[in-house]
Amino acid sequence: MPSASANLVKKKNICTHCSVGCTVTAEVENGVWVGQEPSWESPINLGTHCAKGASIRELTHGDRRLKYPMKLVDGKWTRISWDTAINEIGDKLIDIRQKSGPESVYWLGSAKFSNEGGYLFRKFAAFWGTNNIDHQARICHSTTVAGVANTWGYGAMTNSYNDIHNSKSMIIMGGNPAEAHPVSLQHVLRGKEQNKAPLIVIDPRFTRTAAHATEYVRIRPGTDIPTIYGLLWHIFENGWEDKEYIRQRVYGMDDIRAEVAKWNPEEVERVTGVPGAQMKRVAETFAKNRPGTLIWCMGVTQHTVGTANVRALSILQLALGNIGIEGGGANIFRGHCNVQGCTDLGLDVTTLPAYYGLVEGAWKHWCRVWDVDYNWMLGRFQDKKMMETKGIPSTRWFDAVLVDKKDLEQQDNVKAMFFWGHGGNTVPRMPEMRTGMEKVELMVVVDPHPTTAAALPDRKNGTYLLPACTQLETRGSRTASNRSLQWGEQIVKPVFESKPDHWILYKLAKKLGFEQEMFKKIKIDEGDEPNVEDITREFNLGTVSIGYSGQSPERLKEHMAHQDDFDVVTLRATKGPLKGEFYGLPWPCWGTPEMKHPGTHVLYNTNLPVKDGGGAFRARFGVERNGVSLLADGSYPKDSEIQDGHPEFTYGLLKKMGWDKELTDTERATIEKIGGNNPDAVGWAIDYSCGIIRVTMAHGVQAMGNAKARANAFGLPDPIPVHREPIYSSRRDLVAKYPAMADRRDYRLPHL
Ligand code: SF4
């Protein structure tokens with residue numbers, strides 16, 4: 001057996017694919033990343049990676065990396081040097097600033113930044129003089145932040161993935177961790193198995209996560225709030241709520257009770273499509289098996305009423321006394337690896353780092369931290385009003401280009417656009433955005449890979465593509481969904497000519513003439529690279545308000561070195577030098593690093609009375625916009641208008657996407673004969689995510705007679721009206737009913 005090379009070293013960094021925060025142990029030989037395994041010691045990984053984490057080396061060594069800076073010259077990408085890129089971009093920015101003011105540049109950043117990169121990016125925008133700064137959270141969980149912050153204070157997950165081991169019941173609503181956060185599902189399944197905890201999955205789609213459910217609840221898309229009303233109706237009706245908890249800690253529950261009373265089971269069933277008996281069963285299961293955790297993801301947040309959805313879920317947990325206790329909580333699975341950290345550190349049009357608003361006092365606070373004069377900072381902005389006015393959300397920056405000031409508070413149009421670690425492909429209204437991209441004078445894409453943002457617009461000149469390195473080629477901290485920070489070390493040097501974000505920001509600041517002020521407290525190392533640890537120390541100083549102040553680089557590095565000492569369930573070190581501390585010092589981690597606060601595993605202390613600082617919460621639905629209730633009677637369709645099932649899966653769409661080619665000849669012939677996408681007919685839809693054939697009904701249960709006759713005429717089993725009851729609670733049931741399904745090519749459900 002060959003012996004391990006003497007030159008082989010192991011280095012730890014964090015997987016950059018999702019917010020679970022699994023540790024990657026890379027094997028590096030002579031500066032080359034030659035092997036990889038999950039960190040066996042990490043309390044997060046449970047000794048595993050998912051397929052995404054296992055392929056993370058490709059991010060650095062993949063053949064699609066951007067190799068050097070480029071610019072478009074008459075429509076052709078041309079190689080340039082870094083010096084040329086920084087000089088030309090800088091000159092153009094100065095020109096735009098002189099003509100149109102600082103508001104005319106938009107800084108679209110990334111949830112893939114490290115905390116240090118994200119913080120510096122926010123600081124850079126401030127020093128440039130604009131609040132036009134945003135990142136992917138705008139599109140994923142900004143509604144979560146708004147909804148839970150208004151309910152209990154912090155816009156974050158209250159517990160952790162690991163704490164789910166303590167849950168006696170679980171609801172996953174609008175989330176599919178089996179595919180999106182695979183290692184987190186291992187924690188969920190442990191809770192399910194060890195505690196015999198019922199796992200309820202509420203989703204319009206039967207997902208791979210639903211395949212693990214003890215109870216799968218299919219709701220009609222967009223009926224999240226009535227579903228929660230439905231559960232609360234049974235909880236209040238049967239007295240299953242935690243009365244003492246509500247009495248002591250929850251303000252406003254009487255109003256909720258009155259609102260919920262209007263939603264009787266028949267109405268809830270009509271709107272949600274969930275059978276009344278199932279709704280009651282789920283309410284009873286969740287209420288009687290406490291503590292119960294409520295897990296949600298973007299199926300809940302990405303709605304016009306996303307914030308209201310989040311509030312409704314929060315209220316359900318308050319009614320049952322599930323907040324502020326182990327095994328309970330709102331376990332909100334965030335998306336990108338550092339979307340939590342970048343939100344905390346102010347990559348948002350409405351905040352400065354640590355959720356400070358844009359008011360004068362907050363600016364003065366940060367000016368003190370940065371050691372710059374407030375009036376100097378004010379001078380960077382167009383005026384005081386603009387300094388305190390929120391920027392343009394990333395979903396509307398192109399309106400600023402197109403509408404020429406008409407309906408915006410901002411006084412200038414966007415003339416230059418940065419896509420920094422943001423492909424732009426998740427921004428809604430893509431055609432408008434593309435037009436905006438084509439109209440701006442300057443467009444700069446900074447990314448390890450060429451992205452949609454670089455490829456989408458039809459531009460000839462004025463476009464730059466700069467190669468940033470990945471987080472695996474530099475060092476720094478990241479905040480996982482559970483608020484804990486982890487320190488990643490540099491695995492390999494930046495490949496090709498790529499550079500770390502903080503290097504590029506320093507170079508740009510130098511070109512623009514404010515590097516002295518911006519980097520006053522940050523040492524510049526060899527090669528013009530700002531010292532990463534100094535950046536961490538600087539935000540430690542200013543983020544006392546949410547407790548990002550106790551996690552120094554040294555403490556975080558120690559946590560990575562002693563991963564083995566932490567208990568997998570409590571995330572607390574049970575031995576070693578860190579005994580008593582929680583893994584990754586989840587915020588709030590109050591005070592200074594020297595004070596050694598252990599971090600906070602579960603937000604809100606319900607062991608203390610409210611008068612002594614125990615958790616106190618506000619229950620409020622607030623489902624209205626411009627004074628009009630979004631849930632007013634009549635806002636949901638009448639029976640006769642109900643479009644059951646999933647329009648997106650109807651045959652017409654399958655055809656449009658070209659997916660109909662996947663159908664067998666018999667299936668296709670059947671679908672076409674019975675009406676395809678004709679709204680007056682019954683259509684068969686194929687859900688390729690789990691291979692279930694289900695029936696979509698154009699006109700509700702009234703059409704059942706016809707559907708049955710038509711289906712049987714083609715030798716198919718009785719159709720099941722998907723809005724009336726769940727079809728299968730597991731794949732096993734499905735295969736038992738339709739043996740042919742066992743052979744479908746897309747069956748890869750991990751539990752079977
Ligand atoms: Fe990476 Fe997320 Fe998979 Fe863990 S679960 S290996 S963090 S993608």
# chains A, B, ... in the order shown; residues from 1 in each chain; ligands from 1

$ residues_near_ligand --ligand "ligand 1" --cutoff "6 Å" --atoms "only C-alpha atoms and all ligand atoms" --output "list in words"
Cys15, His17, Cys18, Ser19, Val20, Gly21, Cys22, His49, Cys50, Lys52, Gly53, His181, Pro182 and Val183 of chain A

$ write_last_selection --atoms "N, CA and C atoms" --output "mmCIF file, in the first residue's frame"
data_model
loop_
_atom_site.group_PDB
_atom_site.id
_atom_site.type_symbol
_atom_site.label_atom_id
_atom_site.label_comp_id
_atom_site.auth_asym_id
_atom_site.auth_seq_id
_atom_site.Cartn_x
_atom_site.Cartn_y
_atom_site.Cartn_z
ATOM 1 N N CYS A 15 -18.057 24.037 3.088
ATOM 2 C CA CYS A 15 -18.721 23.862 1.795
ATOM 3 C C CYS A 15 -19.467 25.151 1.437
ATOM 4 N N HIS A 17 -21.813 25.484 -0.880
ATOM 5 C CA HIS A 17 -23.027 25.280 -1.674
ATOM 6 C C HIS A 17 -24.325 25.605 -0.946
ATOM 7 N N CYS A 18 -24.396 25.363 0.361
ATOM 8 C CA CYS A 18 -25.658 25.725 1.018
ATOM 9 C C CYS A 18 -25.386 26.169 2.445
ATOM 10 N N SER A 19 -26.451 26.542 3.132
ATOM 11 C CA SER A 19 -26.290 27.205 4.428
ATOM 12 C C SER A 19 -26.139 26.248 5.604
ATOM 13 N N VAL A 20 -26.056 24.938 5.334
ATOM 14 C CA VAL A 20 -25.910 23.987 6.446
ATOM 15 C C VAL A 20 -24.540 24.165 7.109
ATOM 16 N N GLY A 21 -23.508 24.400 6.285
ATOM 17 C CA GLY A 21 -22.188 24.677 6.854
ATOM 18 C C GLY A 21 -21.353 23.444 7.134
ATOM 19 N N CYS A 22 -21.389 22.459 6.242
ATOM 20 C CA CYS A 22 -20.560 21.266 6.438
ATOM 21 C C CYS A 22 -19.091 21.614 6.225
ATOM 22 N N HIS A 49 -21.059 14.203 3.452
ATOM 23 C CA HIS A 49 -21.288 15.310 2.537
ATOM 24 C C HIS A 49 -22.457 14.921 1.673
ATOM 25 N N CYS A 50 -23.102 15.884 1.087
ATOM 26 C CA CYS A 50 -24.028 15.510 0.021
ATOM 27 C C CYS A 50 -23.258 15.558 -1.298
ATOM 28 N N LYS A 52 -23.357 17.634 -3.627
ATOM 29 C CA LYS A 52 -22.859 18.977 -3.961
ATOM 30 C C LYS A 52 -21.542 19.242 -3.226
ATOM 31 N N GLY A 53 -21.539 18.911 -1.927
ATOM 32 C CA GLY A 53 -20.325 19.139 -1.144
ATOM 33 C C GLY A 53 -19.181 18.269 -1.631
ATOM 34 N N HIS A 181 -30.900 21.014 1.061
ATOM 35 C CA HIS A 181 -29.990 21.010 2.224
ATOM 36 C C HIS A 181 -29.825 19.562 2.693
ATOM 37 N N PRO A 182 -29.243 18.717 1.875
ATOM 38 C CA PRO A 182 -29.315 17.273 2.144
ATOM 39 C C PRO A 182 -28.797 16.839 3.509
ATOM 40 N N VAL A 183 -27.693 17.410 3.975
ATOM 41 C CA VAL A 183 -27.186 16.937 5.271
ATOM 42 C C VAL A 183 -28.145 17.333 6.400
#

$ residues_around --residues "segment 362-366 of chain A" --least-positions-apart "2" --cutoff "10 Å" --atoms "only C-alpha atoms" --output "list in words"
Lys123, Ala126, Thr351, Leu352, Pro353, Tyr355, Tyr356, Gly357, Leu358, Val359, Glu360, Arg368, Val369, Trp370, Asp371, Val372, Asp373, Tyr374, Asn375, Met377, Leu378, Met387, Glu388, Phe539, Leu541, Gly542 and Thr543 of chain A

$ write_last_selection --atoms "C-alpha atoms" --output "PDB file, in the first residue's frame"
ATOM      1  CA  LYS A 123     -18.491  49.422   3.674  1.00  0.00           C
ATOM      2  CA  ALA A 126     -20.965  53.505   1.977  1.00  0.00           C
ATOM      3  CA  THR A 351     -29.455  48.711   6.579  1.00  0.00           C
ATOM      4  CA  LEU A 352     -25.897  49.201   7.668  1.00  0.00           C
ATOM      5  CA  PRO A 353     -24.057  46.211   9.199  1.00  0.00           C
ATOM      6  CA  TYR A 355     -29.222  45.841  11.169  1.00  0.00           C
ATOM      7  CA  TYR A 356     -28.487  49.476  11.979  1.00  0.00           C
ATOM      8  CA  GLY A 357     -30.968  51.632  10.054  1.00  0.00           C
ATOM      9  CA  LEU A 358     -29.901  54.436   7.754  1.00  0.00           C
ATOM     10  CA  VAL A 359     -30.515  57.133  10.341  1.00  0.00           C
ATOM     11  CA  GLU A 360     -27.979  59.727  11.458  1.00  0.00           C
ATOM     12  CA  ARG A 368     -16.755  55.955  14.906  1.00  0.00           C
ATOM     13  CA  VAL A 369     -16.005  52.285  14.212  1.00  0.00           C
ATOM     14  CA  TRP A 370     -14.349  53.176  10.894  1.00  0.00           C
ATOM     15  CA  ASP A 371     -12.579  56.107  12.471  1.00  0.00           C
ATOM     16  CA  VAL A 372     -13.768  58.570   9.853  1.00  0.00           C
ATOM     17  CA  ASP A 373     -15.400  61.921  10.370  1.00  0.00           C
ATOM     18  CA  TYR A 374     -19.190  61.861   9.972  1.00  0.00           C
ATOM     19  CA  ASN A 375     -19.116  65.016   7.838  1.00  0.00           C
ATOM     20  CA  MET A 377     -18.810  60.494   5.105  1.00  0.00           C
ATOM     21  CA  LEU A 378     -21.797  62.764   4.507  1.00  0.00           C
ATOM     22  CA  MET A 387     -27.611  59.102   2.913  1.00  0.00           C
ATOM     23  CA  GLU A 388     -30.727  58.241   4.886  1.00  0.00           C
ATOM     24  CA  PHE A 539     -16.837  44.249  12.440  1.00  0.00           C
ATOM     25  CA  LEU A 541     -16.200  46.257  17.153  1.00  0.00           C
ATOM     26  CA  GLY A 542     -19.303  47.632  15.472  1.00  0.00           C
ATOM     27  CA  THR A 543     -21.761  44.760  15.729  1.00  0.00           C
TER      28      THR A 543
END

$ residues_around --residues "segment 332-342 of chain A" --least-positions-apart "4" --cutoff "6 Å" --atoms "only C-alpha atoms" --output "tab-separated table (two decimals) with C-alpha atoms, in the first residue's frame"
chain	number	residue	atom	x	y	z
A	16	THR	CA	-19.92	26.86	-0.19
A	17	HIS	CA	-23.03	25.28	-1.67
A	18	CYS	CA	-25.66	25.72	1.02
A	19	SER	CA	-26.29	27.20	4.43
A	111	ALA	CA	-24.39	35.63	-0.43
A	112	LYS	CA	-21.25	33.77	-1.51
A	115	ASN	CA	-18.33	37.64	6.21
A	118	GLY	CA	-19.54	40.97	2.54
A	157	MET	CA	-33.30	30.83	12.62
A	295	ILE	CA	-39.02	24.29	9.33
A	296	TRP	CA	-39.58	26.47	6.32
A	297	CYS	CA	-37.81	27.58	3.25
A	347	LEU	CA	-25.82	43.87	2.21
A	478	ARG	CA	-19.02	32.40	7.26
A	479	THR	CA	-22.30	32.28	9.15
A	481	SER	CA	-28.16	29.23	8.87

$ closest_residue --among "A:Leu556, A:Leu108, A:Ile96, A:Ala51" --to "Gly391 of chain A" --atoms "only C-alpha atoms"
A:Leu108

$ select_by_dssp --residues "segment 39-278 of chain A" --states "alpha helix (DSSP H)" --output "JSON, numbers by chain"
{"A": [51, 52, 53, 54, 57, 58, 59, 60, 61, 82, 83, 84, 85, 86, 87, 88, 89, 90, 91, 92, 93, 94, 95, 96, 97, 98, 99, 100, 115, 116, 117, 118, 119, 120, 121, 122, 123, 124, 125, 126, 127, 128, 142, 143, 144, 145, 146, 147, 148, 149, 150, 151, 152, 177, 178, 179, 180, 182, 183, 184, 185, 186, 187, 188, 189, 190, 191, 192, 193, 194, 224, 225, 226, 227, 228, 229, 230, 231, 232, 233, 234, 235, 236, 237, 243, 244, 245, 246, 247, 248, 249, 253, 254, 255, 256, 257, 258, 259, 260, 261, 265, 266, 267, 268, 269, 270, 271, 272, 276, 277, 278]}

$ atom_distance --atom1 "atom CA of Trp590 of chain A" --atom2 "atom CA of Gly547 of chain A"
4.6 Å

$ residues_around --residues "segment 137-141 of chain A" --least-positions-apart "2" --cutoff "8 Å" --atoms "only C-alpha atoms" --output "list in words"
Ala111, Asp134, His135, Thr143, Thr144, Val145, Cys297, Met298, Thr301, Gln302, Arg334, Gly335, Val339, Thr343, Asp348, Pro393, Ser394, Thr395, Thr426 and Val427 of chain A

$ write_last_selection --atoms "C-alpha atoms" --output "mmCIF file, in the first residue's frame"
data_model
loop_
_atom_site.group_PDB
_atom_site.id
_atom_site.type_symbol
_atom_site.label_atom_id
_atom_site.label_comp_id
_atom_site.auth_asym_id
_atom_site.auth_seq_id
_atom_site.Cartn_x
_atom_site.Cartn_y
_atom_site.Cartn_z
ATOM 1 C CA ALA A 111 -24.391 35.626 -0.434
ATOM 2 C CA ASP A 134 -28.189 44.390 -2.282
ATOM 3 C CA HIS A 135 -27.662 40.662 -2.605
ATOM 4 C CA THR A 143 -39.497 38.161 3.863
ATOM 5 C CA THR A 144 -38.380 35.814 6.625
ATOM 6 C CA VAL A 145 -36.163 38.473 8.128
ATOM 7 C CA CYS A 297 -37.806 27.581 3.248
ATOM 8 C CA MET A 298 -38.494 29.470 0.064
ATOM 9 C CA THR A 301 -41.140 33.151 1.444
ATOM 10 C CA GLN A 302 -41.239 33.709 -2.292
ATOM 11 C CA ARG A 334 -31.509 29.683 4.375
ATOM 12 C CA GLY A 335 -30.119 29.199 0.893
ATOM 13 C CA VAL A 339 -26.748 34.493 3.098
ATOM 14 C CA THR A 343 -27.716 39.864 5.663
ATOM 15 C CA ASP A 348 -29.232 45.363 1.962
ATOM 16 C CA PRO A 393 -34.060 46.948 -4.367
ATOM 17 C CA SER A 394 -32.212 44.657 -6.759
ATOM 18 C CA THR A 395 -35.530 43.646 -8.260
ATOM 19 C CA THR A 426 -32.826 34.836 -10.094
ATOM 20 C CA VAL A 427 -34.003 38.404 -10.462
#

$ residues_around --residues "Ala616 of chain A" --least-positions-apart "2" --cutoff "8 Å" --atoms "only C-alpha atoms" --output "list of chain:residue names"
A:Trp152, A:Arg249, A:Val250, A:Tyr251, A:Val610, A:Gly614, A:Arg618

$ select_by_dssp --residues "segment 197-441 of chain A" --states "strand (DSSP E or B)" --output "PyMOL selection string"
chain A and resi 199-202+215-217+250-251+292-296+330-332+352+356+416-420

$ residues_around --residues "Val188 of chain A" --least-positions-apart "6" --cutoff "9 Å" --atoms "only C-alpha atoms" --output "number ranges by chain"
A: 161-162, 164-165, 167, 170, 199

$ residues_around --residues "Ile86 of chain A" --least-positions-apart "5" --cutoff "9 Å" --atoms "only C-alpha atoms" --output "VMD selection string"
chain A and resid 81 91 504 507 to 508 511

$ atom_distance --atom1 "atom CA of Ile323 of chain A" --atom2 "atom CA of Pro43 of chain A"
23.2 Å

$ decode --residues "segment 107-176 of chain A" --atoms "C-alpha atoms" --output "short mmCIF file (atom, residue, chain, number, x, y, z; two decimals), in the first residue's frame"
data_model
loop_
_atom_site.label_atom_id
_atom_site.label_comp_id
_atom_site.auth_asym_id
_atom_site.auth_seq_id
_atom_site.Cartn_x
_atom_site.Cartn_y
_atom_site.Cartn_z
CA TRP A 107 -23.45 47.43 -6.19
CA LEU A 108 -25.14 44.04 -6.42
CA GLY A 109 -23.23 41.74 -4.08
CA SER A 110 -23.36 38.14 -3.07
CA ALA A 111 -24.39 35.63 -0.43
CA LYS A 112 -21.25 33.77 -1.51
CA PHE A 113 -19.03 36.39 0.08
CA SER A 114 -17.28 35.47 3.28
CA ASN A 115 -18.33 37.64 6.21
CA GLU A 116 -15.20 39.68 5.66
CA GLY A 117 -15.87 40.11 1.93
CA GLY A 118 -19.54 40.97 2.54
CA TYR A 119 -18.81 43.45 5.28
CA LEU A 120 -16.14 45.13 3.18
CA PHE A 121 -18.47 45.30 0.20
CA ARG A 122 -21.12 47.08 2.33
CA LYS A 123 -18.49 49.42 3.67
CA PHE A 124 -17.23 50.11 0.16
CA ALA A 125 -20.73 51.16 -1.02
CA ALA A 126 -20.96 53.51 1.98
CA PHE A 127 -17.60 55.05 1.18
CA TRP A 128 -18.61 55.40 -2.45
CA GLY A 129 -21.75 57.19 -1.21
CA THR A 130 -24.81 55.09 -1.93
CA ASN A 131 -27.27 52.68 -0.37
CA ASN A 132 -27.78 50.99 -3.74
CA ILE A 133 -26.42 47.71 -2.46
CA ASP A 134 -28.19 44.39 -2.28
CA HIS A 135 -27.66 40.66 -2.60
CA GLN A 136 -29.53 37.39 -3.10
CA ALA A 137 -31.45 37.66 0.18
CA ARG A 138 -33.71 40.16 -1.59
CA ILE A 139 -35.15 37.25 -3.50
CA CYS A 140 -35.01 34.42 -0.99
CA HIS A 141 -35.46 35.11 2.71
CA SER A 142 -35.84 38.87 3.07
CA THR A 143 -39.50 38.16 3.86
CA THR A 144 -38.38 35.81 6.63
CA VAL A 145 -36.16 38.47 8.13
CA ALA A 146 -39.00 41.01 8.05
CA GLY A 147 -41.61 38.52 9.36
CA VAL A 148 -39.73 37.04 12.28
CA ALA A 149 -37.95 40.24 13.26
CA ASN A 150 -41.36 41.86 13.65
CA THR A 151 -42.58 38.96 15.73
CA TRP A 152 -39.72 38.28 18.10
CA GLY A 153 -36.82 40.53 17.40
CA TYR A 154 -34.12 38.76 15.42
CA GLY A 155 -34.41 37.98 11.71
CA ALA A 156 -32.87 34.53 11.92
CA MET A 157 -33.30 30.83 12.62
CA THR A 158 -34.04 30.43 16.32
CA ASN A 159 -32.52 27.00 16.91
CA SER A 160 -30.23 24.84 14.77
CA TYR A 161 -30.13 21.84 12.47
CA ASN A 162 -28.67 19.78 15.27
CA ASP A 163 -31.34 20.76 17.76
CA ILE A 164 -33.93 19.03 15.58
CA HIS A 165 -32.70 15.82 17.24
CA ASN A 166 -34.63 17.07 20.30
CA SER A 167 -37.93 17.62 18.50
CA LYS A 168 -40.95 15.51 19.33
CA SER A 169 -42.70 16.55 16.12
CA MET A 170 -41.72 18.39 12.98
CA ILE A 171 -43.45 20.30 10.25
CA ILE A 172 -41.60 21.14 7.07
CA MET A 173 -43.53 23.64 5.00
CA GLY A 174 -42.40 25.00 1.65
CA GLY A 175 -39.01 23.36 1.88
CA ASN A 176 -37.30 20.39 0.29
#
